[in-house]
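Next up, input30.pdb (PDB, C-alpha atoms):
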ATOM      1  CA  MET A  17     -31.851 -30.783  10.288  1.00  0.00           C
ATOM      2  CA  GLN A  18     -34.927 -31.372   8.180  1.00  0.00           C
ATOM      3  CA  GLN A  19     -38.405 -31.346   9.625  1.00  0.00           C
ATOM      4  CA  LYS A  20     -41.062 -33.726   8.317  1.00  0.00           C
ATOM      5  CA  ILE A  21     -44.530 -32.294   8.079  1.00  0.00           C
ATOM      6  CA  GLY A  22     -47.189 -34.642   6.834  1.00  0.00           C
ATOM      7  CA  GLY A  23     -44.546 -36.943   5.462  1.00  0.00           C
ATOM      8  CA  ALA A  24     -42.815 -34.207   3.452  1.00  0.00           C
ATOM      9  CA  SER A  25     -39.329 -32.869   4.140  1.00  0.00           C
ATOM     10  CA  GLU A  26     -38.949 -29.135   4.743  1.00  0.00           C
ATOM     11  CA  SER A  27     -35.507 -27.578   4.283  1.00  0.00           C
ATOM     12  CA  PRO A  28     -34.356 -24.916   6.758  1.00  0.00           C
ATOM     13  CA  PRO A  29     -34.527 -21.300   5.595  1.00  0.00           C
ATOM     14  CA  ARG A  30     -31.662 -20.382   3.310  1.00  0.00           C
ATOM     15  CA  ARG A  31     -32.019 -16.606   3.511  1.00  0.00           C
ATOM     16  CA  GLY A  32     -28.860 -16.227   5.597  1.00  0.00           C
ATOM     17  CA  TYR A  33     -26.854 -18.269   3.112  1.00  0.00           C
ATOM     18  CA  ASP A  34     -28.263 -16.257   0.238  1.00  0.00           C
ATOM     19  CA  ASN A  35     -27.172 -13.041   1.943  1.00  0.00           C
ATOM     20  CA  LEU A  36     -23.679 -14.417   2.430  1.00  0.00           C
ATOM     21  CA  ARG A  37     -23.534 -15.424  -1.217  1.00  0.00           C
ATOM     22  CA  ARG A  38     -24.620 -11.969  -2.323  1.00  0.00           C
ATOM     23  CA  GLN A  39     -22.046 -10.337  -0.048  1.00  0.00           C
ATOM     24  CA  ALA A  40     -19.303 -12.630  -1.330  1.00  0.00           C
ATOM     25  CA  GLN A  41     -20.296 -11.930  -4.935  1.00  0.00           C
ATOM     26  CA  ALA A  42     -20.344  -8.174  -4.306  1.00  0.00           C
ATOM     27  CA  HIS A  43     -16.903  -8.369  -2.700  1.00  0.00           C
ATOM     28  CA  ARG A  44     -15.584 -10.388  -5.642  1.00  0.00           C
ATOM     29  CA  THR A  45     -17.073  -7.911  -8.107  1.00  0.00           C
ATOM     30  CA  ARG A  46     -15.427  -4.972  -6.318  1.00  0.00           C
ATOM     31  CA  ALA A  47     -12.121  -6.827  -6.310  1.00  0.00           C
ATOM     32  CA  ASP A  48     -12.428  -7.629 -10.034  1.00  0.00           C
ATOM     33  CA  ILE A  49     -13.140  -3.980 -10.811  1.00  0.00           C
ATOM     34  CA  ALA A  50     -10.197  -2.786  -8.730  1.00  0.00           C
ATOM     35  CA  GLU A  51      -7.840  -5.314 -10.326  1.00  0.00           C
ATOM     36  CA  ALA A  52      -9.011  -4.309 -13.803  1.00  0.00           C
ATOM     37  CA  ALA A  53      -8.568  -0.624 -12.983  1.00  0.00           C
ATOM     38  CA  ARG A  54      -5.057  -1.199 -11.714  1.00  0.00           C
ATOM     39  CA  ARG A  55      -4.057  -3.095 -14.865  1.00  0.00           C
ATOM     40  CA  LEU A  56      -5.380  -0.342 -17.106  1.00  0.00           C
ATOM     41  CA  PHE A  57      -4.046   2.540 -15.012  1.00  0.00           C
ATOM     42  CA  ILE A  58      -0.582   1.019 -15.043  1.00  0.00           C
ATOM     43  CA  SER A  59      -0.580   0.019 -18.717  1.00  0.00           C
ATOM     44  CA  GLN A  60      -2.113   3.110 -20.297  1.00  0.00           C
ATOM     45  CA  GLY A  61      -2.164   5.794 -17.611  1.00  0.00           C
ATOM     46  CA  TRP A  62      -4.817   7.175 -15.309  1.00  0.00           C
ATOM     47  CA  ALA A  63      -5.948  10.045 -17.531  1.00  0.00           C
ATOM     48  CA  SER A  64      -6.268   7.840 -20.608  1.00  0.00           C
ATOM     49  CA  THR A  65      -8.357   5.188 -18.873  1.00  0.00           C
ATOM     50  CA  THR A  66     -12.130   5.572 -18.904  1.00  0.00           C
ATOM     51  CA  VAL A  67     -14.676   4.050 -16.562  1.00  0.00           C
ATOM     52  CA  ARG A  68     -16.171   2.288 -19.592  1.00  0.00           C
ATOM     53  CA  GLU A  69     -12.833   0.598 -20.267  1.00  0.00           C
ATOM     54  CA  VAL A  70     -12.566  -0.467 -16.635  1.00  0.00           C
ATOM     55  CA  ALA A  71     -16.056  -1.942 -16.793  1.00  0.00           C
ATOM     56  CA  ARG A  72     -15.259  -3.840 -19.990  1.00  0.00           C
ATOM     57  CA  GLU A  73     -11.973  -5.150 -18.567  1.00  0.00           C
ATOM     58  CA  ALA A  74     -13.734  -6.315 -15.395  1.00  0.00           C
ATOM     59  CA  GLY A  75     -16.665  -7.830 -17.280  1.00  0.00           C
ATOM     60  CA  VAL A  76     -19.289  -5.663 -15.574  1.00  0.00           C
ATOM     61  CA  SER A  77     -21.554  -2.780 -16.555  1.00  0.00           C
ATOM     62  CA  VAL A  78     -20.568   0.872 -16.273  1.00  0.00           C
ATOM     63  CA  PRO A  79     -23.284   1.523 -13.632  1.00  0.00           C
ATOM     64  CA  THR A  80     -21.792  -1.309 -11.564  1.00  0.00           C
ATOM     65  CA  VAL A  81     -18.418   0.469 -11.491  1.00  0.00           C
ATOM     66  CA  TYR A  82     -20.038   3.735 -10.416  1.00  0.00           C
ATOM     67  CA  ALA A  83     -22.114   1.956  -7.782  1.00  0.00           C
ATOM     68  CA  ALA A  84     -19.025   0.254  -6.367  1.00  0.00           C
ATOM     69  CA  TYR A  85     -16.543   3.148  -6.389  1.00  0.00           C
ATOM     70  CA  GLY A  86     -18.268   6.347  -7.475  1.00  0.00           C
ATOM     71  CA  ASN A  87     -15.676   7.426 -10.065  1.00  0.00           C
ATOM     72  CA  LYS A  88     -12.055   6.956 -11.122  1.00  0.00           C
ATOM     73  CA  THR A  89     -10.768   8.812  -8.079  1.00  0.00           C
ATOM     74  CA  GLY A  90     -12.752   6.456  -5.876  1.00  0.00           C
ATOM     75  CA  LEU A  91     -11.064   3.570  -7.622  1.00  0.00           C
ATOM     76  CA  VAL A  92      -7.637   5.034  -6.906  1.00  0.00           C
ATOM     77  CA  TRP A  93      -8.534   5.477  -3.234  1.00  0.00           C
ATOM     78  CA  ALA A  94      -9.529   1.815  -3.101  1.00  0.00           C
ATOM     79  CA  LEU A  95      -6.231   0.787  -4.671  1.00  0.00           C
ATOM     80  CA  VAL A  96      -4.305   2.949  -2.211  1.00  0.00           C
ATOM     81  CA  ASP A  97      -6.178   1.434   0.722  1.00  0.00           C
ATOM     82  CA  ALA A  98      -5.226  -2.029  -0.499  1.00  0.00           C
ATOM     83  CA  ALA A  99      -1.664  -1.183  -1.546  1.00  0.00           C
ATOM     84  CA  ASP A 100      -0.075  -1.794   1.846  1.00  0.00           C
ATOM     85  CA  LEU A 101      -1.770  -5.159   2.410  1.00  0.00           C
ATOM     86  CA  PRO A 102       0.853  -7.135   0.443  1.00  0.00           C
ATOM     87  CA  ALA A 103       3.533  -5.266   2.401  1.00  0.00           C
ATOM     88  CA  ASP A 104       1.997  -6.694   5.599  1.00  0.00           C
ATOM     89  CA  PRO A 105       1.489  -3.763   8.001  1.00  0.00           C
ATOM     90  CA  LYS A 106       0.642  -6.212  10.796  1.00  0.00           C
ATOM     91  CA  ARG A 107       4.104  -7.682  10.385  1.00  0.00           C
ATOM     92  CA  LEU A 108       5.602  -4.201  10.643  1.00  0.00           C
ATOM     93  CA  LEU A 109       3.758  -3.559  13.902  1.00  0.00           C
ATOM     94  CA  ALA A 110       4.889  -6.904  15.273  1.00  0.00           C
ATOM     95  CA  ASP A 111       8.489  -6.287  14.203  1.00  0.00           C
ATOM     96  CA  LEU A 112       8.509  -2.821  15.746  1.00  0.00           C
ATOM     97  CA  GLY A 113       7.100  -4.166  18.973  1.00  0.00           C
ATOM     98  CA  ALA A 114       9.628  -6.980  19.121  1.00  0.00           C
ATOM     99  CA  ALA A 115      12.619  -4.776  18.242  1.00  0.00           C
ATOM    100  CA  THR A 116      14.849  -4.128  21.222  1.00  0.00           C
ATOM    101  CA  THR A 117      16.962  -1.350  19.705  1.00  0.00           C
ATOM    102  CA  PRO A 118      16.448   1.635  17.378  1.00  0.00           C
ATOM    103  CA  GLU A 119      18.669  -0.141  14.832  1.00  0.00           C
ATOM    104  CA  LYS A 120      16.253  -3.066  14.720  1.00  0.00           C
ATOM    105  CA  GLN A 121      13.268  -0.744  14.435  1.00  0.00           C
ATOM    106  CA  LEU A 122      14.886   1.002  11.482  1.00  0.00           C
ATOM    107  CA  ALA A 123      15.525  -2.394   9.909  1.00  0.00           C
ATOM    108  CA  ALA A 124      11.857  -3.309  10.397  1.00  0.00           C
ATOM    109  CA  MET A 125      10.740  -0.073   8.745  1.00  0.00           C
ATOM    110  CA  ALA A 126      13.143  -0.621   5.847  1.00  0.00           C
ATOM    111  CA  GLY A 127      11.744  -4.125   5.431  1.00  0.00           C
ATOM    112  CA  TYR A 128       8.218  -2.794   5.204  1.00  0.00           C
ATOM    113  CA  ASP A 129       9.196  -0.172   2.610  1.00  0.00           C
ATOM    114  CA  ARG A 130      11.020  -2.798   0.567  1.00  0.00           C
ATOM    115  CA  ARG A 131       7.877  -4.982   0.526  1.00  0.00           C
ATOM    116  CA  LEU A 132       5.674  -1.996  -0.302  1.00  0.00           C
ATOM    117  CA  PHE A 133       7.799  -0.857  -3.235  1.00  0.00           C
ATOM    118  CA  GLU A 134       8.368  -4.398  -4.440  1.00  0.00           C
ATOM    119  CA  ARG A 135       4.638  -5.127  -4.676  1.00  0.00           C
ATOM    120  CA  SER A 136       2.984  -1.723  -5.140  1.00  0.00           C
ATOM    121  CA  GLY A 137       5.716   0.522  -6.482  1.00  0.00           C
ATOM    122  CA  ASP A 138       4.070   0.801  -9.897  1.00  0.00           C
ATOM    123  CA  LEU A 139       0.888   2.139  -8.284  1.00  0.00           C
ATOM    124  CA  ILE A 140       2.800   4.628  -6.129  1.00  0.00           C
ATOM    125  CA  THR A 141       4.632   5.953  -9.183  1.00  0.00           C
ATOM    126  CA  LEU A 142       1.400   6.169 -11.159  1.00  0.00           C
ATOM    127  CA  ILE A 143      -0.362   8.227  -8.489  1.00  0.00           C
ATOM    128  CA  ARG A 144       2.589  10.569  -8.004  1.00  0.00           C
ATOM    129  CA  GLU A 145       3.065  11.210 -11.707  1.00  0.00           C
ATOM    130  CA  ALA A 146      -0.657  11.598 -12.439  1.00  0.00           C
ATOM    131  CA  GLY A 147      -0.888  13.946  -9.473  1.00  0.00           C
ATOM    132  CA  ARG A 148       1.272  16.467 -11.331  1.00  0.00           C
ATOM    133  CA  THR A 149      -1.750  17.325 -13.492  1.00  0.00           C
ATOM    134  CA  GLU A 150      -4.700  15.833 -11.570  1.00  0.00           C
ATOM    135  CA  ALA A 151      -5.570  17.630  -8.335  1.00  0.00           C
ATOM    136  CA  ASP A 152      -7.482  14.688  -6.870  1.00  0.00           C
ATOM    137  CA  LEU A 153      -4.524  12.357  -7.272  1.00  0.00           C
ATOM    138  CA  ALA A 154      -2.153  14.987  -5.928  1.00  0.00           C
ATOM    139  CA  THR A 155      -4.318  15.093  -2.814  1.00  0.00           C
ATOM    140  CA  ILE A 156      -4.234  11.308  -2.504  1.00  0.00           C
ATOM    141  CA  TYR A 157      -0.454  11.211  -2.857  1.00  0.00           C
ATOM    142  CA  GLU A 158       0.026  13.983  -0.305  1.00  0.00           C
ATOM    143  CA  ARG A 159      -2.199  12.264   2.255  1.00  0.00           C
ATOM    144  CA  VAL A 160      -0.356   8.971   1.807  1.00  0.00           C
ATOM    145  CA  ARG A 161       3.006  10.723   2.120  1.00  0.00           C
ATOM    146  CA  ARG A 162       1.945  12.481   5.309  1.00  0.00           C
ATOM    147  CA  ALA A 163       0.688   9.206   6.769  1.00  0.00           C
ATOM    148  CA  ALA A 164       4.088   7.609   6.089  1.00  0.00           C
ATOM    149  CA  ASP A 165       5.853  10.573   7.709  1.00  0.00           C
ATOM    150  CA  GLN A 166       3.614  10.283  10.759  1.00  0.00           C
ATOM    151  CA  THR A 167       4.590   6.647  11.220  1.00  0.00           C
ATOM    152  CA  ARG A 168       8.233   7.692  11.278  1.00  0.00           C
ATOM    153  CA  VAL A 169       7.500  10.499  13.710  1.00  0.00           C
ATOM    154  CA  ASP A 170       5.739   8.047  16.004  1.00  0.00           C
ATOM    155  CA  VAL A 171       8.678   5.649  15.988  1.00  0.00           C
ATOM    156  CA  PHE A 172      11.461   8.223  16.298  1.00  0.00           C
ATOM    157  CA  SER A 173       9.728  10.171  19.041  1.00  0.00           C
ATOM    158  CA  SER A 174       9.449   6.991  21.116  1.00  0.00           C
ATOM    159  CA  TRP A 175      13.248   6.801  21.414  1.00  0.00           C
ATOM    160  CA  PRO A 176      15.229   8.347  24.277  1.00  0.00           C
ATOM    161  CA  ALA A 177      16.297  11.929  23.607  1.00  0.00           C
ATOM    162  CA  SER A 178      19.947  10.938  23.193  1.00  0.00           C
ATOM    163  CA  THR A 179      19.265   8.412  20.407  1.00  0.00           C
ATOM    164  CA  LEU A 180      19.509  10.716  17.398  1.00  0.00           C
ATOM    165  CA  ARG A 181      22.860  12.072  16.285  1.00  0.00           C
ATOM    166  CA  PRO A 182      23.780  15.586  17.458  1.00  0.00           C
ATOM    167  CA  GLY A 183      22.281  18.120  15.082  1.00  0.00           C
ATOM    168  CA  VAL A 184      19.593  15.717  13.865  1.00  0.00           C
ATOM    169  CA  ASP A 185      16.217  16.694  15.227  1.00  0.00           C
ATOM    170  CA  LEU A 186      12.963  14.811  14.706  1.00  0.00           C
ATOM    171  CA  ALA A 187      11.963  16.681  11.537  1.00  0.00           C
ATOM    172  CA  THR A 188      15.414  16.180  10.002  1.00  0.00           C
ATOM    173  CA  ALA A 189      15.349  12.486  10.852  1.00  0.00           C
ATOM    174  CA  VAL A 190      12.026  12.109   9.001  1.00  0.00           C
ATOM    175  CA  ASP A 191      13.452  13.990   6.015  1.00  0.00           C
ATOM    176  CA  VAL A 192      16.588  11.836   5.914  1.00  0.00           C
ATOM    177  CA  TYR A 193      14.497   8.679   6.054  1.00  0.00           C
ATOM    178  CA  ALA A 194      12.301   9.906   3.181  1.00  0.00           C
ATOM    179  CA  ALA A 195      15.356  10.851   1.117  1.00  0.00           C
ATOM    180  CA  LEU A 196      16.801   7.334   1.436  1.00  0.00           C
ATOM    181  CA  CYS A 197      13.788   5.042   1.477  1.00  0.00           C
ATOM    182  CA  ASN A 198      11.654   6.077  -1.475  1.00  0.00           C
ATOM    183  CA  ILE A 199      10.385   4.605  -4.706  1.00  0.00           C
ATOM    184  CA  ASP A 200      12.963   6.430  -6.845  1.00  0.00           C
ATOM    185  CA  VAL A 201      15.952   5.051  -4.967  1.00  0.00           C
ATOM    186  CA  TYR A 202      14.380   1.598  -4.989  1.00  0.00           C
ATOM    187  CA  THR A 203      13.680   1.751  -8.738  1.00  0.00           C
ATOM    188  CA  ILE A 204      17.179   2.947  -9.629  1.00  0.00           C
ATOM    189  CA  LEU A 205      18.885   0.259  -7.551  1.00  0.00           C
ATOM    190  CA  ILE A 206      16.615  -2.473  -8.916  1.00  0.00           C
ATOM    191  CA  HIS A 207      16.479  -1.579 -12.610  1.00  0.00           C
ATOM    192  CA  GLU A 208      19.672   0.394 -13.235  1.00  0.00           C
ATOM    193  CA  ARG A 209      22.125  -1.060 -10.736  1.00  0.00           C
ATOM    194  CA  GLY A 210      20.818  -4.617 -10.590  1.00  0.00           C
ATOM    195  CA  TRP A 211      20.471  -4.862  -6.822  1.00  0.00           C
ATOM    196  CA  PRO A 212      18.161  -7.561  -5.435  1.00  0.00           C
ATOM    197  CA  PRO A 213      15.476  -6.378  -2.981  1.00  0.00           C
ATOM    198  CA  ASP A 214      17.193  -8.070  -0.032  1.00  0.00           C
ATOM    199  CA  GLN A 215      20.348  -6.044  -0.651  1.00  0.00           C
ATOM    200  CA  ILE A 216      18.381  -2.793  -0.796  1.00  0.00           C
ATOM    201  CA  GLU A 217      16.605  -3.580   2.458  1.00  0.00           C
ATOM    202  CA  HIS A 218      19.896  -4.382   4.204  1.00  0.00           C
ATOM    203  CA  TRP A 219      21.594  -1.238   2.860  1.00  0.00           C
ATOM    204  CA  TRP A 220      18.671   0.921   3.933  1.00  0.00           C
ATOM    205  CA  GLY A 221      18.804  -0.430   7.471  1.00  0.00           C
ATOM    206  CA  GLN A 222      22.560   0.058   7.765  1.00  0.00           C
ATOM    207  CA  THR A 223      22.583   3.509   6.162  1.00  0.00           C
ATOM    208  CA  LEU A 224      19.672   4.785   8.228  1.00  0.00           C
ATOM    209  CA  SER A 225      21.448   3.705  11.394  1.00  0.00           C
ATOM    210  CA  ARG A 226      24.638   5.510  10.367  1.00  0.00           C
ATOM    211  CA  GLN A 227      22.815   8.673   9.339  1.00  0.00           C
ATOM    212  CA  LEU A 228      20.373   8.945  12.222  1.00  0.00           C
ATOM    213  CA  LEU A 229      21.712   7.274  15.336  1.00  0.00           C
ATOM    214  CA  ASP A 230      24.295   8.612  17.778  1.00  0.00           C
ATOM    215  CA  ARG A 231      26.772   5.791  18.236  1.00  0.00           C
TER     216      ARG A 231
END
Mind turning this structure into structure tokens?
Amino acid sequence: MQQKIGGASESPPRRGYDNLRRQAQAHRTRADIAEAARRLFISQGWASTTVREVAREAGVSVPTVYAAYGNKTGLVWALVDAADLPADPKRLLADLGAATTPEKQLAAMAGYDRRLFERSGDLITLIREAGRTEADLATIYERVRRAADQTRVDVFSSWPASTLRPGVDLATAVDVYAALCNIDVYTILIHERGWPPDQIEHWWGQTLSRQLLDR
């Protein structure tokens, strides 16, 4: 609402709107940098990509990249943090909560992994392979792997003691899950065997149930 003082119109203060615009622009800039970094990391490798190239690809200055993420490792952390968003972790939590049997919980977990590998598998592979020679990326990969294992521990340990097959303890169940539902198995079935993602997800759910659950 405008106020008239001495016949003149006075607009309300716009400082709040200006702050919102600056925040939105900063968020967009960070997103542009991250997207540019991902394209370059995937296309030419992490070690071969420089911060200067990321800045040029994103259309920003080199100091802007450093101010936003610190260094290349900071960029990778940002990409890892965002990697599970397309896989919809909220959906996984909802599916786990709605599942009435261990079989359905395993199916929900397989569905999440399918979505994760389908949309961020290239990034996962990049970080793992680069981690063979780059200590920082090896640390990132290890932390992500342990976080995934902990999710499985949390789910499996919530089941009654008689749920797992005889001879399969909690640690073994986590290992079996990791051996079946991983980026290598997904990649082989997709690119070498021609399986569609839906078929992989279904097979994972069925196989996990057979391998882990006492029927």
How close does region 72-179 of chain A get to region 200-222 of chain A? List, as a Markdown table, each residue of region 72-179 of chain A within 8 Å, its nearest atom pair and the distance in Å to one decimal, counting all atoms listed in the file.
| residue | atom | partner | partner_atom | distance |
| --- | --- | --- | --- | --- |
| A:Glu119 | CA | A:Gly221 | CA | 7.4 |
| A:Leu122 | CA | A:Gly221 | CA | 5.8 |
| A:Ala123 | CA | A:Gly221 | CA | 4.5 |
| A:Ala126 | CA | A:Glu217 | CA | 5.7 |
| A:Gly127 | CA | A:Glu217 | CA | 5.7 |
| A:Arg130 | CA | A:Glu217 | CA | 5.9 |
| A:Phe133 | CA | A:Tyr202 | CA | 7.2 |
| A:Glu134 | CA | A:Pro213 | CA | 7.5 |
Write the residues you've just listed into a file as a CSV table (one decimal), in the frame of the given file, and include C-alpha atoms for each of them.
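Output below, filename out.csv:
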chain,number,residue,atom,x,y,z
A,119,GLU,CA,18.7,-0.1,14.8
A,122,LEU,CA,14.9,1.0,11.5
A,123,ALA,CA,15.5,-2.4,9.9
A,126,ALA,CA,13.1,-0.6,5.8
A,127,GLY,CA,11.7,-4.1,5.4
A,130,ARG,CA,11.0,-2.8,0.6
A,133,PHE,CA,7.8,-0.9,-3.2
A,134,GLU,CA,8.4,-4.4,-4.4
- Selection under test: the PyMOL selection byres ((chain A and resi 192) around 12); residues as a PyMOL selection string: chain A and resi 165+168+180+184-191+193-198+220+223-229
The centre and edge lengths of an axis-aligned box containing all atoms of region 37-41 of chain A present in the file, extended by 5 Å on each side, are to be given in Å to one decimal, as AutoDock Vina command-line options.
--center_x -22.0 --center_y -12.9 --center_z -2.5 --size_x 15.3 --size_y 15.1 --size_z 14.9
- Query: Out of A:Glu73, A:Asp129, A:Asp48, A:Glu158, which residue has the shortest atom-to-atom distance to Arg144 (chain A) when counting only C-alpha atoms?
  - Reply: A:Glu158
- Item | Polymer residues at most 12 Å from Arg135 (chain A), only C-alpha atoms, same-chain spacing of 4 or more positions, as a list in words |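 What passes the distance filter is Ala98, Ala99, Asp100, Leu101, Pro102, Ala103, Asp104, Tyr128, Asp129, Arg130, Arg131, Leu139, Ile140, Thr141, Ile199, Tyr202 and Pro213 of chain A.
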- May I ask which of the residues A:Leu95, A:Val171, A:Arg162, A:Ala42 is the closest one to Val76 (chain A), counting only C-alpha atoms?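 For Val76 (chain A), the nearest of the given residues is A:Ala42.
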- Query: What separation in Å, quoted to one decimal, exists between CA of Glu69 (chain A) and CA of Tyr157 (chain A)?
  - Reply: 23.9 Å
- Item | Resolved residues for the PyMOL selection byres ((chain A and resi 66) around 12) as number ranges by chain | A: 52-53, 56-57, 60-65, 67-73, 78, 81-82, 87-89, 91
- Task: Quick one: pull the distance between CA of Ala50 (chain A) and CA of Ala94 (chain A), Å, one decimal.
- Result: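 Result for CA of Ala50 (chain A) versus CA of Ala94 (chain A): 7.3 Å, one decimal.
The space between CA of Lys106 (chain A) and CA of Ala164 (chain A) spans 15.0 Å.
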